[in-house]
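Quick look at my_file06.cif (mmCIF, C-alpha atoms and all ligand atoms):
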data_start
#
loop_
_atom_site.label_atom_id
_atom_site.label_comp_id
_atom_site.auth_asym_id
_atom_site.auth_seq_id
_atom_site.Cartn_x
_atom_site.Cartn_y
_atom_site.Cartn_z
CA MET C 1 126.95 24.46 -51.45
CA THR C 2 126.48 27.71 -53.29
CA ILE C 3 124.30 29.29 -55.95
CA ASP C 4 125.25 31.80 -58.59
CA LEU C 5 123.05 34.72 -59.55
CA ASN C 6 123.77 36.59 -62.74
CA ILE C 7 121.97 39.86 -62.12
CA PHE C 8 121.07 42.51 -64.66
CA ARG C 9 122.56 45.90 -63.71
CA PHE C 10 121.67 49.16 -65.37
CA ASP C 11 121.57 52.72 -64.13
CA PRO C 12 120.39 54.94 -66.99
CA ASP C 13 122.11 57.93 -65.38
CA THR C 14 125.61 56.49 -65.45
CA ASP C 15 125.67 53.41 -67.70
CA SER C 16 125.33 53.52 -71.45
CA VAL C 17 124.62 49.80 -71.73
CA PRO C 18 123.34 47.27 -69.23
CA TYR C 19 125.69 44.61 -67.90
CA TYR C 20 125.42 41.48 -65.82
CA GLN C 21 127.07 41.01 -62.46
CA LYS C 22 127.66 37.63 -60.90
CA TYR C 23 127.10 37.00 -57.22
CA THR C 24 127.86 33.74 -55.47
CA LEU C 25 126.15 33.11 -52.20
CA PRO C 26 125.72 30.16 -49.87
CA TRP C 27 122.64 28.01 -50.41
CA THR C 28 120.34 27.23 -47.54
CA GLU C 29 117.32 24.95 -47.42
CA GLY C 30 114.22 26.67 -48.81
CA LEU C 31 116.03 29.80 -50.01
CA THR C 32 113.80 31.70 -52.43
CA LEU C 33 115.07 33.92 -55.20
CA LEU C 34 113.60 37.00 -53.53
CA MET C 35 115.41 36.26 -50.29
CA ALA C 36 118.64 35.55 -52.19
CA VAL C 37 118.45 38.93 -53.94
CA ARG C 38 117.77 40.56 -50.62
CA LYS C 39 120.79 38.80 -49.12
CA VAL C 40 122.96 40.14 -51.93
CA TYR C 41 121.74 43.65 -51.13
CA GLU C 42 122.23 43.24 -47.40
CA THR C 43 125.58 41.50 -47.28
CA MET C 44 127.36 41.98 -50.58
CA ASP C 45 126.29 44.96 -52.65
CA PRO C 46 124.40 47.98 -51.27
CA THR C 47 124.16 49.45 -54.76
CA LEU C 48 121.85 46.71 -56.08
CA GLY C 49 118.41 48.12 -56.85
CA PHE C 50 115.34 45.94 -56.35
CA ARG C 51 111.94 46.39 -54.73
CA ASN C 52 112.45 45.70 -51.08
CA TYR C 53 108.74 45.80 -50.28
CA PHE C 54 106.96 42.53 -50.56
CA CYS C 55 104.47 40.17 -49.03
CA GLY C 56 106.77 37.18 -49.54
CA ARG C 57 103.86 34.87 -50.26
CA GLY C 58 102.68 35.39 -53.78
CA LEU C 59 100.00 38.02 -53.25
CA CYS C 60 101.39 41.40 -54.19
CA SER C 61 103.38 40.74 -57.40
CA SER C 62 105.83 43.46 -56.47
CA CYS C 63 108.60 40.86 -56.65
CA ILE C 64 108.20 39.83 -60.28
CA MET C 65 111.48 39.30 -62.12
CA THR C 66 112.54 37.53 -65.26
CA VAL C 67 114.31 34.30 -64.38
CA ASP C 68 116.11 32.49 -67.18
CA GLY C 69 113.86 34.26 -69.67
CA LYS C 70 110.50 33.72 -67.94
CA THR C 71 108.71 36.36 -65.89
CA LYS C 72 107.75 34.95 -62.53
CA LYS C 73 107.06 35.91 -58.94
CA SER C 74 110.50 35.58 -57.37
CA CYS C 75 109.13 34.80 -53.90
CA HIS C 76 107.76 31.55 -55.32
CA ILE C 77 111.02 30.32 -56.81
CA VAL C 78 112.91 27.97 -54.53
CA LEU C 79 116.56 27.84 -55.55
CA GLU C 80 118.40 24.58 -56.17
CA PRO C 81 121.98 24.24 -54.86
CA GLY C 82 124.83 24.49 -57.33
CA GLN C 83 122.70 26.13 -60.03
CA GLU C 84 123.26 29.37 -61.88
CA TYR C 85 120.35 31.73 -62.52
CA LEU C 86 119.95 34.63 -64.90
CA ILE C 87 117.95 37.40 -63.23
CA GLU C 88 116.51 40.28 -65.22
CA PRO C 89 113.82 42.87 -64.53
CA ALA C 90 110.18 42.09 -65.34
CA LYS C 91 109.60 42.22 -69.07
CA GLY C 92 107.45 44.84 -70.73
CA TYR C 93 107.96 47.71 -68.29
CA PRO C 94 110.35 50.68 -68.46
CA ILE C 95 113.42 50.12 -66.30
CA ILE C 96 114.09 52.55 -63.47
CA ARG C 97 117.30 50.97 -62.21
CA ASP C 98 118.65 47.41 -62.05
CA LEU C 99 115.71 45.15 -61.20
CA VAL C 100 113.29 47.98 -60.47
CA VAL C 101 110.76 48.68 -63.19
CA ASP C 102 108.02 51.26 -63.47
CA TYR C 103 104.77 49.31 -63.18
CA GLY C 104 102.67 52.37 -63.92
CA VAL C 105 98.97 51.80 -63.48
CA LYS C 106 98.88 48.62 -65.52
CA ARG C 107 99.65 45.13 -64.27
CA SER C 108 99.81 42.04 -66.37
CA ASP C 109 99.16 38.65 -64.86
CA PRO C 110 102.24 36.52 -65.65
CA GLU C 111 100.11 33.39 -65.93
CA THR C 112 97.22 34.52 -68.13
CA GLY C 113 98.85 37.54 -69.79
CA LYS C 114 95.76 39.69 -69.13
CA VAL C 115 96.48 43.35 -68.42
CA TYR C 116 94.65 45.07 -65.56
CA ASP C 117 94.24 48.68 -64.55
CA ILE C 118 95.18 48.73 -60.86
CA MET C 119 92.95 51.68 -60.05
CA SER C 120 89.75 50.05 -61.20
CA GLY C 121 90.82 46.40 -61.27
CA THR C 122 89.33 45.95 -64.73
CA VAL C 123 90.92 44.24 -67.71
CA ILE C 124 92.22 46.70 -70.27
CA MET D 1 120.98 65.54 -43.99
CA ILE D 2 121.33 63.58 -47.21
CA ALA D 3 124.50 65.48 -48.08
CA SER D 4 126.18 64.39 -44.86
CA TRP D 5 125.04 60.79 -45.38
CA LYS D 6 126.59 60.76 -48.82
CA GLN D 7 129.98 61.95 -47.62
CA GLU D 8 132.70 59.34 -47.53
CA LYS D 9 133.86 58.75 -43.99
CA PRO D 10 136.09 56.34 -42.07
CA ASN D 11 134.24 53.56 -40.20
CA ALA D 12 131.11 54.19 -42.27
CA LEU D 13 127.93 52.40 -41.22
CA ARG D 14 125.11 51.24 -43.47
CA PRO D 15 121.56 52.09 -42.38
CA ILE D 16 120.64 48.40 -42.15
CA ALA D 17 123.59 47.82 -39.80
CA LEU D 18 122.33 50.55 -37.48
CA LYS D 19 118.80 49.15 -37.72
CA ALA D 20 120.13 45.76 -36.65
CA LYS D 21 121.95 47.30 -33.69
CA LEU D 22 118.85 49.17 -32.58
CA GLN D 23 116.65 46.11 -32.97
CA SER D 24 118.93 43.92 -30.89
CA ALA D 25 119.18 46.61 -28.19
CA MET D 26 115.39 46.91 -28.03
CA ASP D 27 115.08 43.14 -27.92
CA GLN D 28 117.58 42.89 -25.10
CA PHE D 29 116.41 45.77 -22.88
CA VAL D 30 112.82 46.54 -23.84
CA GLY D 31 111.58 43.03 -24.50
CA LEU D 32 108.56 41.24 -23.12
CA GLU D 33 109.72 41.35 -19.50
CA ARG D 34 111.01 44.74 -18.55
CA ASP D 35 111.97 46.52 -15.34
CA GLY D 36 113.17 50.01 -14.50
CA GLU D 37 116.79 49.00 -14.68
CA SER D 38 116.63 47.37 -18.11
CA LEU D 39 114.53 50.24 -19.49
CA LEU D 40 117.07 52.80 -18.28
CA ALA D 41 119.88 50.72 -19.77
CA GLY D 42 117.94 50.58 -23.04
CA LEU D 43 117.40 54.33 -22.97
CA ALA D 44 121.13 54.92 -22.47
CA LYS D 45 121.90 52.53 -25.31
CA VAL D 46 119.46 54.22 -27.72
CA ARG D 47 120.88 57.64 -26.86
CA GLU D 48 124.39 56.31 -27.34
CA LEU D 49 123.45 54.93 -30.75
CA ARG D 50 121.99 58.26 -31.73
CA ALA D 51 125.01 60.25 -30.54
CA GLU D 52 127.76 57.96 -31.76
CA GLU D 53 126.50 55.76 -34.58
CA LEU D 54 123.99 57.99 -36.37
CA PRO D 55 126.67 60.45 -37.59
CA LYS D 56 128.57 57.53 -39.11
CA LEU D 57 125.75 56.67 -41.52
CA PHE D 58 126.84 56.35 -45.09
CA VAL D 59 124.62 55.74 -48.10
CA VAL D 60 125.66 55.05 -51.66
CA SER D 61 124.27 57.79 -53.82
CA HIS D 62 122.04 57.02 -56.73
CA ARG D 63 119.65 59.48 -58.16
CA ARG D 64 117.25 56.68 -59.00
CA TYR D 65 115.56 54.35 -56.60
CA CYS D 66 117.97 54.88 -53.76
CA TYR D 67 116.58 52.57 -51.15
CA GLU D 68 119.46 53.21 -48.76
CA VAL D 69 118.53 56.89 -48.38
CA GLN D 70 115.06 55.86 -47.39
CA GLU D 71 116.46 53.40 -44.89
CA ALA D 72 118.63 56.15 -43.42
CA TYR D 73 115.53 58.30 -42.83
CA GLU D 74 113.75 55.29 -41.40
CA VAL D 75 116.48 54.47 -38.92
CA ARG D 76 116.64 58.08 -37.78
CA GLY D 77 112.92 57.96 -37.05
CA MET D 78 113.25 54.55 -35.43
CA LEU D 79 115.78 55.95 -32.93
CA ASP D 80 113.34 58.71 -31.91
CA LEU D 81 110.50 56.27 -31.70
CA ALA D 82 112.53 53.81 -29.61
CA GLU D 83 113.25 56.57 -27.13
CA LEU D 84 109.56 57.46 -26.89
CA VAL D 85 108.62 53.82 -26.39
CA ILE D 86 111.11 53.49 -23.54
CA LEU D 87 110.07 56.77 -21.90
CA SER D 88 106.42 55.86 -21.89
CA ALA D 89 107.20 52.33 -20.68
CA LEU D 90 109.18 53.85 -17.81
CA SER D 91 106.30 56.11 -16.84
CA ARG D 92 103.78 53.26 -16.67
CA LYS D 93 104.52 51.77 -13.27
CA GLU D 94 102.16 48.82 -13.51
CA THR D 95 101.70 45.70 -15.58
CA ARG D 96 99.05 45.93 -18.23
CA GLY D 97 98.63 43.67 -21.24
CA HIS D 98 101.93 42.85 -22.81
CA HIS D 99 103.65 45.64 -20.94
CA PHE D 100 104.99 43.33 -18.24
CA ARG D 101 106.98 45.18 -15.58
CA VAL D 102 108.87 42.69 -13.41
CA ASP D 103 109.27 45.37 -10.73
CA TYR D 104 105.57 46.36 -10.77
CA PRO D 105 103.63 43.14 -11.38
CA GLN D 106 100.29 44.57 -10.19
CA THR D 107 97.62 46.04 -12.47
CA ASP D 108 96.19 49.28 -11.13
CA ALA D 109 92.47 49.35 -10.43
CA VAL D 110 91.93 52.61 -12.27
CA PRO D 111 93.26 52.59 -15.83
CA TYR D 112 94.98 55.62 -17.28
CA HIS D 113 96.79 56.65 -20.44
CA THR D 114 100.38 57.75 -20.35
CA THR D 115 101.33 60.34 -22.91
CA VAL D 116 104.69 61.48 -24.21
CA GLN D 117 105.09 64.67 -26.11
CA TRP D 118 108.20 65.14 -28.13
CA GLU D 119 109.02 68.57 -29.38
CA LYS D 120 112.37 69.83 -30.62
CA GLY D 121 114.26 66.99 -28.90
CA LYS D 122 112.55 67.55 -25.53
CA HIS D 123 109.95 65.27 -24.06
CA THR D 124 107.11 65.89 -21.63
CA LEU D 125 105.39 63.03 -19.86
CA GLY D 126 101.75 63.18 -18.92
CA VAL D 127 98.86 61.12 -17.65
CA MET D 128 95.34 61.18 -19.05
CA PRO D 129 92.24 59.57 -17.59
CA VAL D 130 90.54 56.91 -19.67
CA THR D 131 87.19 58.28 -20.77
CA LYS D 132 84.69 57.19 -23.31
CA ILE D 133 85.14 59.12 -26.49
CA ASP D 134 81.70 60.78 -26.29
CA GLN D 135 82.47 62.09 -22.81
CA ARG D 136 85.68 63.82 -23.81
CA GLU D 137 85.62 67.59 -23.88
CA ASP D 138 88.14 67.99 -26.66
CA VAL D 139 86.34 65.65 -29.03
CA LYS D 140 82.89 67.13 -28.76
S1 LIG B 201 106.46 39.12 -52.66
FE1 LIG B 201 104.38 39.51 -52.96
S2 LIG B 201 104.03 38.32 -54.71
FE2 LIG B 201 106.08 37.88 -54.35
#

Before anything else, please render the file you have as structure tokens.
Amino acid sequence: MTIDLNIFRFDPDTDSVPYYQKYTLPWTEGLTLLMAVRKVYETMDPTLGFRNYFCGRGLCSSCIMTVDGKTKKSCHIVLEPGQEYLIEPAKGYPIIRDLVVDYGVKRSDPETGKVYDIMSGTVI
Amino acid sequence: MIASWKQEKPNALRPIALKAKLQSAMDQFVGLERDGESLLAGLAKVRELRAEELPKLFVVSHRRYCYEVQEAYEVRGMLDLAELVILSALSRKETRGHHFRVDYPQTDAVPYHTTVQWEKGKHTLGVMPVTKIDQREDVK
């Protein structure tokens, strides 16, 4: 069984428009989206840009991506076999490359939509 | 350094591939149970990796968010660190905590620190007595 990831690719230095690249990888029990993206980077495409620093358990929000139009923590998304997913960078932030965005000093909570200043932890 | 990593070469190696090789060598030779023989074999292996595999590193070049370049720096540091770990493990000829030497299963009565200094590719081993911090000359 496999899964398909349609991943947003864009390098502002070399590409004039973004494009989507499709990766097919084997599905395993409990595979999360974050781990799948990491697998793509490790075994298929070293040029894929994503944040490879993460807690893996929903605490740090460094893994947020837009999945089928909704911004979510990708370490919390368990993939279903045989499905196709559309993966884009987190909405509302400037894109650095591929799935990497510039979070700046503001973070928005994907659930409540509140925006925080990470230095002081207060709502802006 | 970066320039040589970015050059195309035959049998190119990705930084994560070298990391994996180093990790499995450390697991095999410098694991929980170690003895002089396995540590020396590990040391030879780490030096071999540095001499033969490190020059083969190849990273794709992006100006933005190039994680591979960072990994290449990391693996270079990991090789140095692995060597230091093995050298200091070799110089501690006793079993203490999780440093379990099969060939020296005893724990010495008087504890001591082993030190390794690494300067310009050369190492110096040393021994330091364990003293309370307020009794140390250099800290006062
Ligand atoms: S990896 Fe930390 S929140 Fe997802």

Using only C-alpha atoms and all ligand atoms, what are the residues with an atom within 10 Å of ligand LIG 201 (chain B), set out as a PyMOL selection string?
chain C and resi 33-35+51-65+72-77

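In this model, the gap between atom CA of Tyr67 of chain D and atom CA of Thr47 of chain C comes to 9.0 Å.
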
Can you check which parts of chain D lie within 8 Å of chain C? Per residue, the shortest pair of atoms and distance in Å to one decimal, counting only C-alpha atoms, sorted by chain and number, as a tab-separated table.
residue	atom	partner	partner_atom	distance
D:Ile16	CA	C:Glu42	CA	7.5
D:Val60	CA	C:Thr47	CA	6.6
D:Arg63	CA	C:Asp13	CA	7.8
D:Arg64	CA	C:Arg97	CA	6.6
D:Tyr65	CA	C:Arg97	CA	6.8
D:Cys66	CA	C:Gly49	CA	7.4
D:Tyr67	CA	C:Gly49	CA	7.5
D:Glu68	CA	C:Pro46	CA	7.6

Just C-alpha atoms for this one: save the residues we selected as a short mmCIF file (atom, residue, chain, number, x, y, z; two decimals), in the frame of the given file.
data_model
loop_
_atom_site.label_atom_id
_atom_site.label_comp_id
_atom_site.auth_asym_id
_atom_site.auth_seq_id
_atom_site.Cartn_x
_atom_site.Cartn_y
_atom_site.Cartn_z
CA ILE D 16 120.64 48.40 -42.15
CA VAL D 60 125.66 55.05 -51.66
CA ARG D 63 119.65 59.48 -58.16
CA ARG D 64 117.25 56.68 -59.00
CA TYR D 65 115.56 54.35 -56.60
CA CYS D 66 117.97 54.88 -53.76
CA TYR D 67 116.58 52.57 -51.15
CA GLU D 68 119.46 53.21 -48.76
#

So that I can see what lies close to Leu25 of chain C, please list as a PyMOL selection string the residues with an atom at most 9 Å from it, counting all atoms listed in the file and leaving out residues fewer than 6 positions away in the same chain.
chain C and resi 1-5+36+39-40

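Take atom CA of Val17 of chain C and atom CA of Asp45 of chain C: the distance between them is 19.8 Å.
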
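Interatomic distance, atom CA of Arg38 of chain C against atom CA of Ser108 of chain C: 23.9 Å.
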
Using the structure just given, write a file holding all heavy atoms for segment 57-71 of chain D, as a PDB file, in the first residue's frame.
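So the final result, stored in result.pdb, reads:
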ATOM      1  N   LEU D  57      31.735  13.749   0.566  1.00  0.00           N
ATOM      2  CA  LEU D  57      30.471  14.425   0.864  1.00  0.00           C
ATOM      3  C   LEU D  57      30.032  15.315  -0.286  1.00  0.00           C
ATOM      4  O   LEU D  57      30.832  16.023  -0.868  1.00  0.00           O
ATOM      5  CB  LEU D  57      30.611  15.299   2.112  1.00  0.00           C
ATOM      6  CG  LEU D  57      30.438  14.663   3.477  1.00  0.00           C
ATOM      7  CD1 LEU D  57      30.197  15.748   4.500  1.00  0.00           C
ATOM      8  CD2 LEU D  57      29.311  13.669   3.484  1.00  0.00           C
ATOM      9  N   PHE D  58      28.751  15.247  -0.556  1.00  0.00           N
ATOM     10  CA  PHE D  58      28.206  16.110  -1.593  1.00  0.00           C
ATOM     11  C   PHE D  58      26.888  16.691  -1.095  1.00  0.00           C
ATOM     12  O   PHE D  58      26.044  15.968  -0.584  1.00  0.00           O
ATOM     13  CB  PHE D  58      27.976  15.318  -2.881  1.00  0.00           C
ATOM     14  CG  PHE D  58      27.251  16.110  -3.922  1.00  0.00           C
ATOM     15  CD1 PHE D  58      27.885  17.175  -4.547  1.00  0.00           C
ATOM     16  CD2 PHE D  58      25.945  15.820  -4.252  1.00  0.00           C
ATOM     17  CE1 PHE D  58      27.210  17.924  -5.494  1.00  0.00           C
ATOM     18  CE2 PHE D  58      25.265  16.563  -5.200  1.00  0.00           C
ATOM     19  CZ  PHE D  58      25.908  17.622  -5.822  1.00  0.00           C
ATOM     20  N   VAL D  59      26.741  17.994  -1.209  1.00  0.00           N
ATOM     21  CA  VAL D  59      25.468  18.608  -0.808  1.00  0.00           C
ATOM     22  C   VAL D  59      24.886  19.356  -2.000  1.00  0.00           C
ATOM     23  O   VAL D  59      25.616  19.933  -2.795  1.00  0.00           O
ATOM     24  CB  VAL D  59      25.640  19.586   0.376  1.00  0.00           C
ATOM     25  CG1 VAL D  59      26.152  18.875   1.594  1.00  0.00           C
ATOM     26  CG2 VAL D  59      26.537  20.737   0.019  1.00  0.00           C
ATOM     27  N   VAL D  60      23.548  19.294  -2.113  1.00  0.00           N
ATOM     28  CA  VAL D  60      22.907  20.076  -3.171  1.00  0.00           C
ATOM     29  C   VAL D  60      22.970  21.534  -2.741  1.00  0.00           C
ATOM     30  O   VAL D  60      22.798  21.843  -1.579  1.00  0.00           O
ATOM     31  CB  VAL D  60      21.439  19.668  -3.359  1.00  0.00           C
ATOM     32  CG1 VAL D  60      21.343  18.473  -4.242  1.00  0.00           C
ATOM     33  CG2 VAL D  60      20.748  19.442  -2.049  1.00  0.00           C
ATOM     34  N   SER D  61      23.227  22.414  -3.677  1.00  0.00           N
ATOM     35  CA  SER D  61      23.397  23.793  -3.231  1.00  0.00           C
ATOM     36  C   SER D  61      22.128  24.599  -3.440  1.00  0.00           C
ATOM     37  O   SER D  61      21.565  24.644  -4.523  1.00  0.00           O
ATOM     38  CB  SER D  61      24.572  24.438  -3.949  1.00  0.00           C
ATOM     39  OG  SER D  61      24.407  24.288  -5.327  1.00  0.00           O
ATOM     40  N   HIS D  62      21.676  25.162  -2.353  1.00  0.00           N
ATOM     41  CA  HIS D  62      20.589  26.124  -2.372  1.00  0.00           C
ATOM     42  C   HIS D  62      21.109  27.301  -1.598  1.00  0.00           C
ATOM     43  O   HIS D  62      21.814  27.119  -0.632  1.00  0.00           O
ATOM     44  CB  HIS D  62      19.382  25.594  -1.592  1.00  0.00           C
ATOM     45  CG  HIS D  62      18.662  24.524  -2.297  1.00  0.00           C
ATOM     46  ND1 HIS D  62      17.953  24.737  -3.425  1.00  0.00           N
ATOM     47  CD2 HIS D  62      18.534  23.220  -2.014  1.00  0.00           C
ATOM     48  CE1 HIS D  62      17.415  23.617  -3.818  1.00  0.00           C
ATOM     49  NE2 HIS D  62      17.749  22.668  -2.982  1.00  0.00           N
ATOM     50  N   ARG D  63      20.717  28.479  -1.999  1.00  0.00           N
ATOM     51  CA  ARG D  63      21.137  29.607  -1.192  1.00  0.00           C
ATOM     52  C   ARG D  63      20.248  29.726   0.036  1.00  0.00           C
ATOM     53  O   ARG D  63      20.644  30.213   1.071  1.00  0.00           O
ATOM     54  CB  ARG D  63      21.085  30.887  -2.026  1.00  0.00           C
ATOM     55  CG  ARG D  63      22.416  31.614  -2.071  1.00  0.00           C
ATOM     56  CD  ARG D  63      22.440  32.675  -3.129  1.00  0.00           C
ATOM     57  NE  ARG D  63      21.185  33.405  -3.233  1.00  0.00           N
ATOM     58  CZ  ARG D  63      20.818  34.384  -2.416  1.00  0.00           C
ATOM     59  NH1 ARG D  63      21.589  34.749  -1.439  1.00  0.00           N
ATOM     60  NH2 ARG D  63      19.674  35.003  -2.597  1.00  0.00           N
ATOM     61  N   ARG D  64      19.015  29.228  -0.106  1.00  0.00           N
ATOM     62  CA  ARG D  64      18.048  29.375   0.984  1.00  0.00           C
ATOM     63  C   ARG D  64      17.831  28.062   1.703  1.00  0.00           C
ATOM     64  O   ARG D  64      17.634  27.036   1.087  1.00  0.00           O
ATOM     65  CB  ARG D  64      16.687  29.746   0.387  1.00  0.00           C
ATOM     66  CG  ARG D  64      16.664  31.094  -0.190  1.00  0.00           C
ATOM     67  CD  ARG D  64      15.481  31.200  -1.090  1.00  0.00           C
ATOM     68  NE  ARG D  64      15.350  32.559  -1.512  1.00  0.00           N
ATOM     69  CZ  ARG D  64      14.578  33.438  -0.891  1.00  0.00           C
ATOM     70  NH1 ARG D  64      13.848  33.077   0.126  1.00  0.00           N
ATOM     71  NH2 ARG D  64      14.524  34.667  -1.310  1.00  0.00           N
ATOM     72  N   TYR D  65      17.807  28.136   2.982  1.00  0.00           N
ATOM     73  CA  TYR D  65      17.463  27.015   3.839  1.00  0.00           C
ATOM     74  C   TYR D  65      18.094  25.717   3.349  1.00  0.00           C
ATOM     75  O   TYR D  65      17.407  24.759   2.999  1.00  0.00           O
ATOM     76  CB  TYR D  65      15.953  26.838   3.949  1.00  0.00           C
ATOM     77  CG  TYR D  65      15.602  26.139   5.234  1.00  0.00           C
ATOM     78  CD1 TYR D  65      15.484  26.849   6.397  1.00  0.00           C
ATOM     79  CD2 TYR D  65      15.473  24.771   5.281  1.00  0.00           C
ATOM     80  CE1 TYR D  65      15.230  26.218   7.587  1.00  0.00           C
ATOM     81  CE2 TYR D  65      15.221  24.127   6.471  1.00  0.00           C
ATOM     82  CZ  TYR D  65      15.098  24.866   7.613  1.00  0.00           C
ATOM     83  OH  TYR D  65      14.857  24.231   8.798  1.00  0.00           O
ATOM     84  N   CYS D  66      19.417  25.705   3.297  1.00  0.00           N
ATOM     85  CA  CYS D  66      20.083  24.502   2.827  1.00  0.00           C
ATOM     86  C   CYS D  66      20.433  23.628   4.023  1.00  0.00           C
ATOM     87  O   CYS D  66      21.471  23.775   4.638  1.00  0.00           O
ATOM     88  CB  CYS D  66      21.324  24.854   2.031  1.00  0.00           C
ATOM     89  SG  CYS D  66      21.894  23.421   1.155  1.00  0.00           S
ATOM     90  N   TYR D  67      19.520  22.728   4.332  1.00  0.00           N
ATOM     91  CA  TYR D  67      19.699  21.898   5.511  1.00  0.00           C
ATOM     92  C   TYR D  67      20.866  20.932   5.345  1.00  0.00           C
ATOM     93  O   TYR D  67      21.536  20.579   6.297  1.00  0.00           O
ATOM     94  CB  TYR D  67      18.398  21.145   5.766  1.00  0.00           C
ATOM     95  CG  TYR D  67      18.403  20.415   7.062  1.00  0.00           C
ATOM     96  CD1 TYR D  67      18.486  21.114   8.259  1.00  0.00           C
ATOM     97  CD2 TYR D  67      18.365  19.037   7.103  1.00  0.00           C
ATOM     98  CE1 TYR D  67      18.516  20.453   9.450  1.00  0.00           C
ATOM     99  CE2 TYR D  67      18.393  18.372   8.303  1.00  0.00           C
ATOM    100  CZ  TYR D  67      18.472  19.080   9.471  1.00  0.00           C
ATOM    101  OH  TYR D  67      18.521  18.418  10.645  1.00  0.00           O
ATOM    102  N   GLU D  68      21.120  20.521   4.088  1.00  0.00           N
ATOM    103  CA  GLU D  68      22.200  19.554   3.863  1.00  0.00           C
ATOM    104  C   GLU D  68      23.565  20.131   4.241  1.00  0.00           C
ATOM    105  O   GLU D  68      24.414  19.410   4.747  1.00  0.00           O
ATOM    106  CB  GLU D  68      22.225  19.144   2.397  1.00  0.00           C
ATOM    107  CG  GLU D  68      21.083  18.262   2.020  1.00  0.00           C
ATOM    108  CD  GLU D  68      21.565  16.987   1.391  1.00  0.00           C
ATOM    109  OE1 GLU D  68      22.199  17.083   0.338  1.00  0.00           O
ATOM    110  OE2 GLU D  68      21.322  15.916   1.954  1.00  0.00           O
ATOM    111  N   VAL D  69      23.780  21.425   3.997  1.00  0.00           N
ATOM    112  CA  VAL D  69      25.064  22.024   4.352  1.00  0.00           C
ATOM    113  C   VAL D  69      25.259  21.947   5.859  1.00  0.00           C
ATOM    114  O   VAL D  69      26.319  21.595   6.367  1.00  0.00           O
ATOM    115  CB  VAL D  69      25.137  23.489   3.880  1.00  0.00           C
ATOM    116  CG1 VAL D  69      26.320  24.192   4.490  1.00  0.00           C
ATOM    117  CG2 VAL D  69      25.225  23.541   2.378  1.00  0.00           C
ATOM    118  N   GLN D  70      24.169  22.233   6.569  1.00  0.00           N
ATOM    119  CA  GLN D  70      24.266  22.148   8.016  1.00  0.00           C
ATOM    120  C   GLN D  70      24.586  20.725   8.464  1.00  0.00           C
ATOM    121  O   GLN D  70      25.416  20.500   9.339  1.00  0.00           O
ATOM    122  CB  GLN D  70      22.963  22.606   8.645  1.00  0.00           C
ATOM    123  CG  GLN D  70      23.083  22.641  10.142  1.00  0.00           C
ATOM    124  CD  GLN D  70      21.751  22.704  10.814  1.00  0.00           C
ATOM    125  OE1 GLN D  70      20.844  23.347  10.309  1.00  0.00           O
ATOM    126  NE2 GLN D  70      21.636  22.034  11.919  1.00  0.00           N
ATOM    127  N   GLU D  71      23.943  19.767   7.805  1.00  0.00           N
ATOM    128  CA  GLU D  71      24.213  18.376   8.175  1.00  0.00           C
ATOM    129  C   GLU D  71      25.648  17.984   7.879  1.00  0.00           C
ATOM    130  O   GLU D  71      26.237  17.171   8.586  1.00  0.00           O
ATOM    131  CB  GLU D  71      23.239  17.441   7.454  1.00  0.00           C
ATOM    132  CG  GLU D  71      21.907  17.409   8.139  1.00  0.00           C
ATOM    133  CD  GLU D  71      21.048  16.277   7.644  1.00  0.00           C
ATOM    134  OE1 GLU D  71      20.864  16.171   6.425  1.00  0.00           O
ATOM    135  OE2 GLU D  71      20.569  15.502   8.461  1.00  0.00           O
TER     136      GLU D  71
END
